[in-house]
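Colleague: So I've got this file, final-v5.pdb, and it contains PDB, C-alpha atoms, pLDDT in the B column:
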```
ATOM      1  CA  MET Y1333     -22.277  41.648 -17.527  1.00 40.00           C
ATOM      2  CA  PRO Y1334     -18.974  40.864 -15.804  1.00 42.00           C
ATOM      3  CA  ALA Y1335     -17.905  37.242 -15.703  1.00 40.00           C
ATOM      4  CA  SER Y1336     -18.724  35.338 -12.541  1.00 42.00           C
ATOM      5  CA  PRO Y1337     -15.894  34.607 -10.111  1.00 44.00           C
ATOM      6  CA  ASP Y1338     -15.844  30.888 -11.031  1.00 41.00           C
ATOM      7  CA  SER Y1339     -15.772  31.504 -14.784  1.00 50.00           C
ATOM      8  CA  ASP Y1340     -12.943  30.394 -17.063  1.00 68.00           C
ATOM      9  CA  SER Y1341     -11.098  33.705 -16.927  1.00 71.00           C
ATOM     10  CA  VAL Y1342      -7.662  34.392 -18.377  1.00 87.00           C
ATOM     11  CA  PHE Y1343      -6.989  37.571 -16.430  1.00 93.00           C
ATOM     12  CA  SER Y1344      -8.714  39.242 -13.523  1.00 95.00           C
ATOM     13  CA  LEU Y1345      -8.259  42.285 -11.341  1.00 96.00           C
ATOM     14  CA  VAL Y1346      -9.422  42.034  -7.741  1.00 96.00           C
ATOM     15  CA  GLY Y1347      -9.783  45.363  -5.933  1.00 97.00           C
ATOM     16  CA  VAL Y1348      -6.774  46.782  -7.791  1.00 97.00           C
ATOM     17  CA  THR Y1349      -5.525  50.318  -7.185  1.00 97.00           C
ATOM     18  CA  ARG Y1350      -2.585  51.951  -8.966  1.00 97.00           C
ATOM     19  CA  SER Y1351      -1.551  55.526  -8.229  1.00 96.00           C
ATOM     20  CA  PHE Y1352       0.933  57.890  -9.832  1.00 95.00           C
ATOM     21  CA  GLY Y1353       1.642  60.559  -7.257  1.00 94.00           C
ATOM     22  CA  ALA Y1354      -1.689  61.978  -6.140  1.00 93.00           C
ATOM     23  CA  VAL Y1355      -3.543  60.564  -9.158  1.00 94.00           C
ATOM     24  CA  ARG Y1356      -5.317  57.220  -8.868  1.00 94.00           C
ATOM     25  CA  ALA Y1357      -5.052  55.884 -12.419  1.00 96.00           C
ATOM     26  CA  VAL Y1358      -6.899  52.713 -11.374  1.00 96.00           C
ATOM     27  CA  ASP Y1359      -9.109  52.928  -8.312  1.00 96.00           C
ATOM     28  CA  GLU Y1360     -10.303  49.700  -6.633  1.00 96.00           C
ATOM     29  CA  VAL Y1361     -11.141  47.990  -9.921  1.00 96.00           C
ATOM     30  CA  SER Y1362     -12.391  44.398 -10.084  1.00 96.00           C
ATOM     31  CA  LEU Y1363     -12.780  42.868 -13.557  1.00 96.00           C
ATOM     32  CA  GLU Y1364     -12.671  39.418 -15.134  1.00 94.00           C
ATOM     33  CA  PHE Y1365     -11.754  38.704 -18.750  1.00 94.00           C
ATOM     34  CA  ALA Y1366     -13.205  35.446 -20.017  1.00 90.00           C
ATOM     35  CA  ARG Y1367     -11.255  33.060 -22.209  1.00 90.00           C
ATOM     36  CA  GLY Y1368     -11.972  33.335 -25.926  1.00 90.00           C
ATOM     37  CA  ARG Y1369     -13.964  36.545 -25.603  1.00 92.00           C
ATOM     38  CA  THR Y1370     -13.312  40.096 -26.799  1.00 93.00           C
ATOM     39  CA  THR Y1371     -13.669  42.826 -24.168  1.00 95.00           C
ATOM     40  CA  VAL Y1372     -13.250  46.515 -25.008  1.00 96.00           C
ATOM     41  CA  LEU Y1373     -12.227  49.111 -22.426  1.00 97.00           C
ATOM     42  CA  ILE Y1374     -13.539  52.551 -23.341  1.00 95.00           C
ATOM     43  CA  GLY Y1375     -13.433  55.997 -21.809  1.00 91.00           C
ATOM     44  CA  SER Y1376     -11.878  59.410 -22.171  1.00 87.00           C
ATOM     45  CA  SER Y1377      -8.134  60.045 -21.976  1.00 87.00           C
ATOM     46  CA  GLY Y1378      -6.845  59.504 -18.452  1.00 89.00           C
ATOM     47  CA  SER Y1379      -9.657  57.154 -17.468  1.00 92.00           C
ATOM     48  CA  GLY Y1380      -7.277  54.292 -16.633  1.00 94.00           C
ATOM     49  CA  LYS Y1381      -7.806  52.034 -19.659  1.00 94.00           C
ATOM     50  CA  SER Y1382      -4.167  51.684 -20.704  1.00 93.00           C
ATOM     51  CA  THR Y1383      -3.031  51.282 -17.102  1.00 96.00           C
ATOM     52  CA  VAL Y1384      -5.299  48.239 -16.818  1.00 96.00           C
ATOM     53  CA  LEU Y1385      -3.474  46.608 -19.747  1.00 95.00           C
ATOM     54  CA  ARG Y1386      -0.093  47.465 -18.265  1.00 95.00           C
ATOM     55  CA  LEU Y1387      -1.132  45.916 -14.953  1.00 96.00           C
ATOM     56  CA  LEU Y1388      -2.179  42.708 -16.706  1.00 95.00           C
ATOM     57  CA  LEU Y1389       1.243  42.510 -18.358  1.00 93.00           C
ATOM     58  CA  GLY Y1390       3.196  43.302 -15.217  1.00 93.00           C
ATOM     59  CA  LEU Y1391       4.452  46.565 -16.702  1.00 94.00           C
ATOM     60  CA  GLU Y1392       2.825  48.262 -13.713  1.00 95.00           C
ATOM     61  CA  TRP Y1393       2.329  46.761 -10.281  1.00 95.00           C
ATOM     62  CA  PRO Y1394      -0.742  47.375  -8.086  1.00 96.00           C
ATOM     63  CA  ASP Y1395      -0.438  49.443  -4.938  1.00 96.00           C
ATOM     64  CA  ALA Y1396      -3.344  47.445  -3.551  1.00 97.00           C
ATOM     65  CA  GLY Y1397      -5.400  44.490  -4.716  1.00 96.00           C
ATOM     66  CA  GLU Y1398      -4.346  41.596  -6.896  1.00 96.00           C
ATOM     67  CA  VAL Y1399      -3.853  40.766 -10.563  1.00 96.00           C
ATOM     68  CA  ARG Y1400      -4.545  37.119 -11.431  1.00 95.00           C
ATOM     69  CA  CYS Y1401      -3.584  35.116 -14.506  1.00 92.00           C
ATOM     70  CA  ASP Y1402      -5.358  31.792 -15.086  1.00 90.00           C
ATOM     71  CA  GLY Y1403      -6.702  31.998 -11.550  1.00 88.00           C
ATOM     72  CA  ALA Y1404      -3.317  32.390  -9.843  1.00 91.00           C
ATOM     73  CA  PRO Y1405      -1.866  35.631  -8.455  1.00 93.00           C
ATOM     74  CA  LEU Y1406       0.515  37.317 -10.875  1.00 93.00           C
ATOM     75  CA  GLN Y1407       3.926  37.270  -9.209  1.00 91.00           C
ATOM     76  CA  ARG Y1408       7.050  38.957 -10.503  1.00 91.00           C
ATOM     77  CA  THR Y1409       8.696  35.605 -11.173  1.00 91.00           C
ATOM     78  CA  ARG Y1410       5.791  34.677 -13.500  1.00 89.00           C
ATOM     79  CA  VAL Y1411       5.831  37.871 -15.537  1.00 90.00           C
ATOM     80  CA  PRO Y1412       8.229  36.687 -18.300  1.00 89.00           C
ATOM     81  CA  SER Y1413       6.190  33.535 -19.006  1.00 88.00           C
ATOM     82  CA  VAL Y1414       2.918  35.486 -18.918  1.00 89.00           C
ATOM     83  CA  ARG Y1415       4.275  38.006 -21.424  1.00 87.00           C
ATOM     84  CA  ARG Y1416       5.248  35.195 -23.790  1.00 86.00           C
ATOM     85  CA  SER Y1417       1.604  34.049 -23.734  1.00 88.00           C
ATOM     86  CA  VAL Y1418       0.301  37.514 -24.647  1.00 93.00           C
ATOM     87  CA  GLY Y1419       0.518  39.520 -27.861  1.00 91.00           C
ATOM     88  CA  TYR Y1420       0.678  43.260 -27.124  1.00 92.00           C
ATOM     89  CA  VAL Y1421       0.009  45.991 -29.686  1.00 90.00           C
ATOM     90  CA  ILE Y1422       0.248  49.702 -28.918  1.00 85.00           C
ATOM     91  CA  GLN Y1423      -0.806  52.784 -30.861  1.00 76.00           C
ATOM     92  CA  GLU Y1424       1.361  53.329 -33.970  1.00 71.00           C
ATOM     93  CA  GLY Y1425       2.756  49.815 -33.579  1.00 74.00           C
ATOM     94  CA  GLY Y1426       5.877  50.409 -31.482  1.00 87.00           C
ATOM     95  CA  LEU Y1427       8.157  48.921 -34.156  1.00 92.00           C
ATOM     96  CA  PHE Y1428      11.925  49.280 -33.824  1.00 94.00           C
ATOM     97  CA  PRO Y1429      12.881  51.808 -36.518  1.00 95.00           C
ATOM     98  CA  HIS Y1430      16.387  50.393 -37.107  1.00 96.00           C
ATOM     99  CA  LEU Y1431      15.078  46.910 -37.931  1.00 96.00           C
ATOM    100  CA  THR Y1432      13.387  45.730 -41.104  1.00 97.00           C
ATOM    101  CA  VAL Y1433       9.877  44.319 -41.007  1.00 97.00           C
ATOM    102  CA  LEU Y1434      11.237  40.785 -40.822  1.00 97.00           C
ATOM    103  CA  GLY Y1435      13.773  41.879 -38.218  1.00 96.00           C
ATOM    104  CA  ASN Y1436      10.955  43.194 -36.026  1.00 96.00           C
ATOM    105  CA  LEU Y1437       8.976  39.990 -36.479  1.00 96.00           C
ATOM    106  CA  ALA Y1438      11.964  37.787 -35.685  1.00 96.00           C
ATOM    107  CA  LEU Y1439      13.009  39.366 -32.375  1.00 93.00           C
ATOM    108  CA  LEU Y1440      11.194  37.176 -29.855  1.00 90.00           C
ATOM    109  CA  PRO Y1441      11.151  33.948 -31.925  1.00 94.00           C
ATOM    110  CA  HIS Y1442      14.920  34.284 -32.443  1.00 93.00           C
ATOM    111  CA  HIS Y1443      15.384  34.812 -28.690  1.00 90.00           C
ATOM    112  CA  LEU Y1444      13.449  31.577 -28.100  1.00 90.00           C
ATOM    113  CA  GLY Y1445      15.649  29.631 -30.518  1.00 94.00           C
ATOM    114  CA  TRP Y1446      13.597  29.550 -33.725  1.00 96.00           C
ATOM    115  CA  ASN Y1447      15.682  29.175 -36.895  1.00 96.00           C
ATOM    116  CA  ARG Y1448      15.369  31.504 -39.887  1.00 95.00           C
ATOM    117  CA  ALA Y1449      13.267  29.122 -41.946  1.00 97.00           C
ATOM    118  CA  ARG Y1450      10.691  28.698 -39.178  1.00 97.00           C
ATOM    119  CA  ILE Y1451      10.539  32.441 -38.535  1.00 97.00           C
ATOM    120  CA  ARG Y1452      10.005  33.244 -42.213  1.00 96.00           C
ATOM    121  CA  ALA Y1453       7.377  30.529 -42.630  1.00 96.00           C
ATOM    122  CA  ARG Y1454       5.381  31.861 -39.670  1.00 96.00           C
ATOM    123  CA  ALA Y1455       5.754  35.453 -40.902  1.00 96.00           C
ATOM    124  CA  LEU Y1456       4.490  34.463 -44.361  1.00 95.00           C
ATOM    125  CA  GLU Y1457       1.507  32.648 -42.851  1.00 93.00           C
ATOM    126  CA  LEU Y1458       0.517  35.722 -40.855  1.00 92.00           C
ATOM    127  CA  ALA Y1459       1.270  38.133 -43.708  1.00 92.00           C
ATOM    128  CA  GLU Y1460      -1.321  36.294 -45.788  1.00 89.00           C
ATOM    129  CA  LEU Y1461      -3.814  36.516 -42.939  1.00 85.00           C
ATOM    130  CA  THR Y1462      -3.293  40.275 -42.529  1.00 85.00           C
ATOM    131  CA  HIS Y1463      -2.841  41.145 -46.224  1.00 86.00           C
ATOM    132  CA  LEU Y1464       0.792  42.244 -45.928  1.00 89.00           C
ATOM    133  CA  ARG Y1465       3.020  41.539 -48.928  1.00 92.00           C
ATOM    134  CA  GLU Y1466       6.207  39.495 -48.628  1.00 93.00           C
ATOM    135  CA  THR Y1467       8.012  42.183 -50.640  1.00 93.00           C
ATOM    136  CA  GLN Y1468       7.570  44.509 -47.650  1.00 95.00           C
ATOM    137  CA  PHE Y1469       9.613  42.251 -45.320  1.00 96.00           C
ATOM    138  CA  ALA Y1470      12.844  44.035 -46.270  1.00 96.00           C
ATOM    139  CA  ARG Y1471      11.489  47.535 -45.659  1.00 96.00           C
ATOM    140  CA  PHE Y1472      12.043  49.632 -42.559  1.00 96.00           C
ATOM    141  CA  PRO Y1473       9.075  51.023 -40.578  1.00 94.00           C
ATOM    142  CA  ALA Y1474       9.622  54.552 -41.947  1.00 94.00           C
ATOM    143  CA  GLU Y1475       9.085  53.144 -45.446  1.00 95.00           C
ATOM    144  CA  LEU Y1476       5.627  51.811 -44.575  1.00 92.00           C
ATOM    145  CA  SER Y1477       2.237  53.478 -44.376  1.00 88.00           C
ATOM    146  CA  GLY Y1478       0.434  53.725 -41.046  1.00 85.00           C
ATOM    147  CA  GLY Y1479      -1.840  50.836 -41.957  1.00 84.00           C
ATOM    148  CA  GLN Y1480       1.108  48.678 -42.979  1.00 88.00           C
ATOM    149  CA  ARG Y1481       2.929  49.404 -39.709  1.00 90.00           C
ATOM    150  CA  GLN Y1482      -0.135  48.319 -37.752  1.00 86.00           C
ATOM    151  CA  ARG Y1483      -0.339  45.105 -39.760  1.00 88.00           C
ATOM    152  CA  VAL Y1484       3.313  44.413 -38.933  1.00 93.00           C
ATOM    153  CA  ALA Y1485       2.662  45.151 -35.250  1.00 91.00           C
ATOM    154  CA  LEU Y1486      -0.245  42.697 -35.259  1.00 89.00           C
ATOM    155  CA  ILE Y1487       1.851  40.018 -36.995  1.00 92.00           C
ATOM    156  CA  ARG Y1488       4.607  40.538 -34.408  1.00 94.00           C
ATOM    157  CA  ALA Y1489       2.058  40.081 -31.629  1.00 91.00           C
ATOM    158  CA  LEU Y1490       0.820  36.834 -33.237  1.00 91.00           C
ATOM    159  CA  MET Y1491       4.208  35.275 -34.105  1.00 94.00           C
ATOM    160  CA  LEU Y1492       4.235  32.919 -31.108  1.00 93.00           C
ATOM    161  CA  ASP Y1493       0.495  32.181 -31.480  1.00 91.00           C
ATOM    162  CA  PRO Y1494      -0.340  33.568 -28.031  1.00 91.00           C
ATOM    163  CA  PRO Y1495      -3.792  32.744 -26.632  1.00 91.00           C
ATOM    164  CA  THR Y1496      -4.374  36.367 -25.567  1.00 93.00           C
ATOM    165  CA  LEU Y1497      -4.062  39.718 -27.339  1.00 93.00           C
ATOM    166  CA  LEU Y1498      -3.874  43.080 -25.569  1.00 95.00           C
ATOM    167  CA  LEU Y1499      -4.483  45.967 -27.967  1.00 93.00           C
ATOM    168  CA  ASP Y1500      -3.981  49.550 -26.793  1.00 91.00           C
ATOM    169  CA  GLU Y1501      -5.585  51.965 -29.284  1.00 86.00           C
ATOM    170  CA  PRO Y1502      -4.230  49.860 -32.165  1.00 80.00           C
ATOM    171  CA  LEU Y1503      -6.040  51.922 -34.828  1.00 79.00           C
ATOM    172  CA  GLY Y1504      -6.110  55.316 -33.133  1.00 71.00           C
ATOM    173  CA  ALA Y1505      -3.502  57.056 -35.306  1.00 63.00           C
ATOM    174  CA  LEU Y1506      -4.872  55.945 -38.687  1.00 70.00           C
ATOM    175  CA  ASP Y1507      -6.921  57.929 -41.160  1.00 72.00           C
ATOM    176  CA  PRO Y1508     -10.638  57.001 -41.336  1.00 73.00           C
ATOM    177  CA  LEU Y1509     -10.491  54.944 -44.557  1.00 76.00           C
ATOM    178  CA  VAL Y1510      -7.534  52.833 -43.448  1.00 75.00           C
ATOM    179  CA  ARG Y1511      -8.997  52.483 -39.964  1.00 78.00           C
ATOM    180  CA  HIS Y1512     -12.336  51.254 -41.342  1.00 80.00           C
ATOM    181  CA  GLY Y1513     -10.639  48.613 -43.483  1.00 78.00           C
ATOM    182  CA  LEU Y1514      -8.464  47.378 -40.639  1.00 80.00           C
ATOM    183  CA  GLN Y1515     -11.454  47.186 -38.303  1.00 84.00           C
ATOM    184  CA  ASP Y1516     -13.082  44.697 -40.678  1.00 84.00           C
ATOM    185  CA  GLU Y1517      -9.865  42.707 -40.983  1.00 82.00           C
ATOM    186  CA  LEU Y1518      -9.201  42.622 -37.254  1.00 83.00           C
ATOM    187  CA  ARG Y1519     -12.691  41.472 -36.354  1.00 85.00           C
ATOM    188  CA  GLY Y1520     -12.399  38.700 -38.920  1.00 84.00           C
ATOM    189  CA  ILE Y1521      -9.018  37.663 -37.507  1.00 84.00           C
ATOM    190  CA  PHE Y1522     -10.358  37.600 -33.947  1.00 83.00           C
ATOM    191  CA  GLY Y1523     -13.224  35.374 -35.049  1.00 82.00           C
ATOM    192  CA  ARG Y1524     -11.035  32.946 -36.996  1.00 84.00           C
ATOM    193  CA  LEU Y1525      -8.297  32.600 -34.399  1.00 83.00           C
ATOM    194  CA  GLY Y1526     -10.521  32.371 -31.309  1.00 85.00           C
ATOM    195  CA  LYS Y1527      -8.200  34.513 -29.183  1.00 88.00           C
ATOM    196  CA  THR Y1528      -8.966  36.202 -25.899  1.00 93.00           C
ATOM    197  CA  VAL Y1529      -8.829  39.901 -26.801  1.00 94.00           C
ATOM    198  CA  ILE Y1530      -8.708  42.884 -24.452  1.00 95.00           C
ATOM    199  CA  MET Y1531      -8.785  46.102 -26.436  1.00 94.00           C
ATOM    200  CA  VAL Y1532      -8.593  49.774 -25.481  1.00 94.00           C
ATOM    201  CA  THR Y1533     -10.253  52.517 -27.499  1.00 91.00           C
ATOM    202  CA  HIS Y1534     -11.902  55.873 -26.875  1.00 86.00           C
ATOM    203  CA  ASP Y1535     -14.196  55.377 -29.893  1.00 86.00           C
ATOM    204  CA  LEU Y1536     -17.616  54.042 -28.881  1.00 89.00           C
ATOM    205  CA  ALA Y1537     -18.625  52.950 -32.397  1.00 88.00           C
ATOM    206  CA  GLU Y1538     -15.373  51.026 -32.772  1.00 89.00           C
ATOM    207  CA  ALA Y1539     -15.864  49.410 -29.370  1.00 91.00           C
ATOM    208  CA  ALA Y1540     -19.399  48.248 -30.228  1.00 91.00           C
ATOM    209  CA  PHE Y1541     -18.169  46.957 -33.609  1.00 90.00           C
ATOM    210  CA  PHE Y1542     -15.631  44.659 -31.964  1.00 91.00           C
ATOM    211  CA  SER Y1543     -17.529  43.383 -28.943  1.00 91.00           C
ATOM    212  CA  ASP Y1544     -20.800  43.054 -27.076  1.00 90.00           C
ATOM    213  CA  ARG Y1545     -18.926  43.603 -23.805  1.00 94.00           C
ATOM    214  CA  LEU Y1546     -17.852  47.184 -23.189  1.00 96.00           C
ATOM    215  CA  VAL Y1547     -16.265  48.400 -19.958  1.00 97.00           C
ATOM    216  CA  LEU Y1548     -16.633  52.164 -19.557  1.00 96.00           C
ATOM    217  CA  MET Y1549     -14.082  53.770 -17.240  1.00 96.00           C
ATOM    218  CA  ARG Y1550     -13.834  57.214 -15.697  1.00 95.00           C
ATOM    219  CA  ARG Y1551     -11.156  58.534 -13.332  1.00 94.00           C
ATOM    220  CA  GLY Y1552      -9.815  55.054 -12.700  1.00 95.00           C
ATOM    221  CA  ARG Y1553     -13.142  53.421 -11.912  1.00 96.00           C
ATOM    222  CA  VAL Y1554     -15.523  51.193 -13.845  1.00 96.00           C
ATOM    223  CA  VAL Y1555     -18.709  53.140 -14.519  1.00 96.00           C
ATOM    224  CA  GLN Y1556     -20.625  50.498 -16.475  1.00 96.00           C
ATOM    225  CA  ASP Y1557     -19.935  47.013 -17.818  1.00 96.00           C
ATOM    226  CA  GLY Y1558     -22.192  45.567 -20.518  1.00 94.00           C
ATOM    227  CA  SER Y1559     -23.293  45.799 -24.139  1.00 93.00           C
ATOM    228  CA  ILE Y1560     -23.972  48.981 -26.057  1.00 93.00           C
ATOM    229  CA  GLU Y1561     -27.675  48.188 -25.743  1.00 93.00           C
ATOM    230  CA  ASP Y1562     -27.302  47.946 -21.962  1.00 94.00           C
ATOM    231  CA  PHE Y1563     -25.735  51.401 -22.002  1.00 93.00           C
ATOM    232  CA  ARG Y1564     -28.627  52.787 -24.043  1.00 92.00           C
ATOM    233  CA  ARG Y1565     -31.477  51.065 -22.215  1.00 93.00           C
ATOM    234  CA  ALA Y1566     -30.189  51.375 -18.659  1.00 93.00           C
ATOM    235  CA  PRO Y1567     -27.313  53.882 -18.371  1.00 93.00           C
ATOM    236  CA  ALA Y1568     -25.634  53.673 -14.963  1.00 93.00           C
ATOM    237  CA  GLY Y1569     -25.686  57.451 -14.522  1.00 92.00           C
ATOM    238  CA  ASP Y1570     -25.383  60.869 -16.094  1.00 94.00           C
ATOM    239  CA  PHE Y1571     -21.811  60.262 -17.244  1.00 93.00           C
ATOM    240  CA  VAL Y1572     -22.888  57.253 -19.324  1.00 93.00           C
ATOM    241  CA  ARG Y1573     -25.655  59.309 -20.943  1.00 92.00           C
ATOM    242  CA  GLU Y1574     -23.203  62.138 -21.639  1.00 91.00           C
ATOM    243  CA  PHE Y1575     -20.631  59.725 -23.058  1.00 91.00           C
ATOM    244  CA  LEU Y1576     -23.216  58.233 -25.415  1.00 91.00           C
ATOM    245  CA  ALA Y1577     -24.428  61.674 -26.499  1.00 89.00           C
ATOM    246  CA  ALA Y1578     -20.888  62.825 -27.203  1.00 86.00           C
ATOM    247  CA  HIS Y1579     -20.503  60.139 -29.884  1.00 77.00           C
ATOM    248  CA  ARG Y1580     -22.957  61.641 -32.299  1.00 66.00           C
ATOM    249  CA  GLY Y1581     -23.477  60.324 -35.813  1.00 63.00           C
ATOM    250  CA  LEU Y1582     -23.302  62.174 -39.108  1.00 49.00           C
ATOM    251  CA  PRO Y1583     -26.061  64.727 -39.799  1.00 54.00           C
ATOM    252  CA  GLU Y1584     -28.897  63.657 -42.050  1.00 55.00           C
ATOM    253  CA  ALA Y1585     -28.580  64.610 -45.706  1.00 53.00           C
ATOM    254  CA  PRO Y1586     -30.936  67.453 -46.738  1.00 58.00           C
ATOM    255  CA  ALA Y1587     -34.095  66.380 -48.569  1.00 53.00           C
TER     256      ALA Y1587
END
```
Now that the file is in, can you turn its structure into structure tokens?
Modeller:
Amino acid sequence: MPASPDSDSVFSLVGVTRSFGAVRAVDEVSLEFARGRTTVLIGSSGSGKSTVLRLLLGLEWPDAGEVRCDGAPLQRTRVPSVRRSVGYVIQEGGLFPHLTVLGNLALLPHHLGWNRARIRARALELAELTHLRETQFARFPAELSGGQRQRVALIRALMLDPPTLLLDEPLGALDPLVRHGLQDELRGIFGRLGKTVIMVTHDLAEAAFFSDRLVLMRRGRVVQDGSIEDFRRAPAGDFVREFLAAHRGLPEAPA
């Protein structure tokens, strides 16, 4: 169930609406994201999931309602400091193609005054955590596989050890075998690091694998908020039942 208003929340949306022309991408949404917990936003394309993340980061601004960070309203003057406390990973990584792996990892730490030795030490620490080889630091993104690029994107998001991670379809473009392996690794990393994680996916099985709190969205609104078992036992309506049915498993093998 959603966190209570007096809970220890990192981010919250209070009656937030965000429109693009005539389309309400987010429509009067109220959500709280508790500290140290993984929450997964699910839904079909265009349901508003990614817009929620962008609102939390101040990449979009609400037309109505309020975004809060650590209980205080998110104001434009606070956005830079909030972004430094959040690691953000998008689909396919969003790496700069003209920079090496280490160059991508060093961007924000260098801007904040870290020296080369400190940057490399932190990159090596995280490379070990994510099973990326040091020999790949000198490569450019085009020289990496999809799984390697996502590992680099995750390391970049973790370089400053932010308390919160926002992940927008981080595994969506990967082939099934690579995706399965990275799912295991990511869940292990989340558990070891104790981060607050807000993740977007359209894959119900992936969502249930990562968290017992799923937020199903449709046309900018929250349809149901709870565990996968809540969805199965007490679906909030026909759309929830249809969404569950659409994620069918493999057929049984013939006898």
Colleague: Nearest to Pro1441 of chain Y among Y:Arg1488, Y:Lys1381, Y:Arg1564, Y:Arg1415, with distances taken over all atoms listed in the file: which residue is it?
Modeller: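 For Pro1441 of chain Y, the nearest of the given residues is Y:Arg1488.
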Colleague: Residues at most 12 Å from Leu1476 of chain Y, counting all atoms listed in the file, excluding those fewer than 5 positions away in the same chain, as a ChimeraX atom specification?
Modeller: /Y:1424-1425,1427,1429,1432-1433,1464-1465,1467-1471,1481-1485
Colleague: Any chance you could work out the residue set of the PyMOL selection byres ((chain Y and resi 1567-1578) around 9) here, as an MDAnalysis selection string?
Modeller: chainID Y and resid 1375:1376 1536 1548 1550 1555:1556 1562:1566 1579:1580
Colleague: Skip Gly1523 of chain Y itself and residues of its chain fewer than 5 positions away, then list as a ChimeraX atom specification all residues within 12 Å of it, counting only C-alpha atoms.
Modeller: /Y:1368-1370,1516-1518,1528-1529,1542-1543
Colleague: Nearest to Ile1530 of chain Y among Y:Gly1445, Y:Pro1508, Y:Pro1412, Y:Gly1419, with distances taken over all atoms listed in the file: which residue is it?
Modeller: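 Using all atoms listed in the file, the shortest distance to Ile1530 of chain Y belongs to Y:Gly1419.
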Colleague: I want to know what sits within 12 Å of Phe1352 of chain Y, based on only C-alpha atoms, with residues of the same chain fewer than 3 positions away left out; could you give that as a list in words?
Modeller: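 Here the answer would be Thr1349, Val1355, Arg1356, Ala1357, Val1358, Asp1359, Gly1378, Gly1380, Thr1383, Glu1392, Trp1393, Pro1394, Asp1395 and Gly1552 of chain Y.
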Colleague: Using only C-alpha atoms, which of Y:Ala1404, Y:Leu1492, Y:Ala1459, Y:Val1411 sits nearest Trp1446 of chain Y?
Modeller: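 Looking only at the distances to Trp1446 of chain Y, the closest residue turns out to be Y:Leu1492.
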Colleague: Taking all atoms listed in the file into account, name the residue in Y:Met1491, Y:Val1384, Y:Leu1509, Y:Met1531 that is nearest to Arg1553 of chain Y.
Modeller: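 That would be Y:Val1384, the residue with the smallest distance to Arg1553 of chain Y.
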Colleague: Mind running segment 1369-1444 of chain Y against segment 1454-1457 of chain Y at 12 Å and telling me each contacting residue's nearest atom pair with the distance in Å (one decimal), counting only C-alpha atoms, chain and number ascending, as CSV?
Modeller:
```
residue,atom,partner,partner_atom,distance
Y:Val1433,CA,Y:Ala1455,CA,9.8
Y:Leu1434,CA,Y:Ala1455,CA,7.6
Y:Gly1435,CA,Y:Ala1455,CA,10.6
Y:Asn1436,CA,Y:Ala1455,CA,10.5
Y:Leu1437,CA,Y:Ala1455,CA,7.1
Y:Ala1438,CA,Y:Ala1455,CA,8.4
Y:Leu1439,CA,Y:Ala1455,CA,11.9
Y:Pro1441,CA,Y:Arg1454,CA,9.9
```
Colleague: Care to translate the PyMOL selection byres ((chain Y and resi 1504) around 8) into actual residues of this file, as JSON, numbers by chain?
Modeller: {"Y": [1423, 1424, 1501, 1502, 1503, 1505, 1506, 1511, 1533]}
Colleague: What does the PyMOL selection byres ((chain Y and resi 1493) around 10) select in this file, as a PyMOL selection string?
Modeller: chain Y and resi 1416-1419+1454+1487-1492+1494-1497+1525+1527
Colleague: Rounded to one decimal, what separation in Å do you get between atom CA of His1443 of chain Y and atom CA of Leu1499 of chain Y?
Modeller: 22.8 Å
Colleague: Go through Y:Gln1407, Y:Ser1379, Y:Thr1371, Y:Ser1341 and flag the residue nearest Met1549 of chain Y, using only C-alpha atoms for the distances.
Modeller: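 Closest residue, counting only C-alpha atoms: Y:Ser1379.
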Colleague: With only C-alpha atoms as the atoms that count, which of Y:Val1348, Y:Ile1374, Y:Ile1451, Y:Glu1360 lies nearest to Asp1557 of chain Y?
Modeller: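 Looking at the shortest contact to Asp1557 of chain Y, the residue is Y:Ile1374.
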Colleague: Quote the spacing between atom CA of Tyr1420 of chain Y and atom CA of Leu1389 of chain Y in Å to one decimal place.
Modeller: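 Value for the atom CA of Tyr1420 of chain Y-atom CA of Leu1389 of chain Y distance: 8.8 Å.
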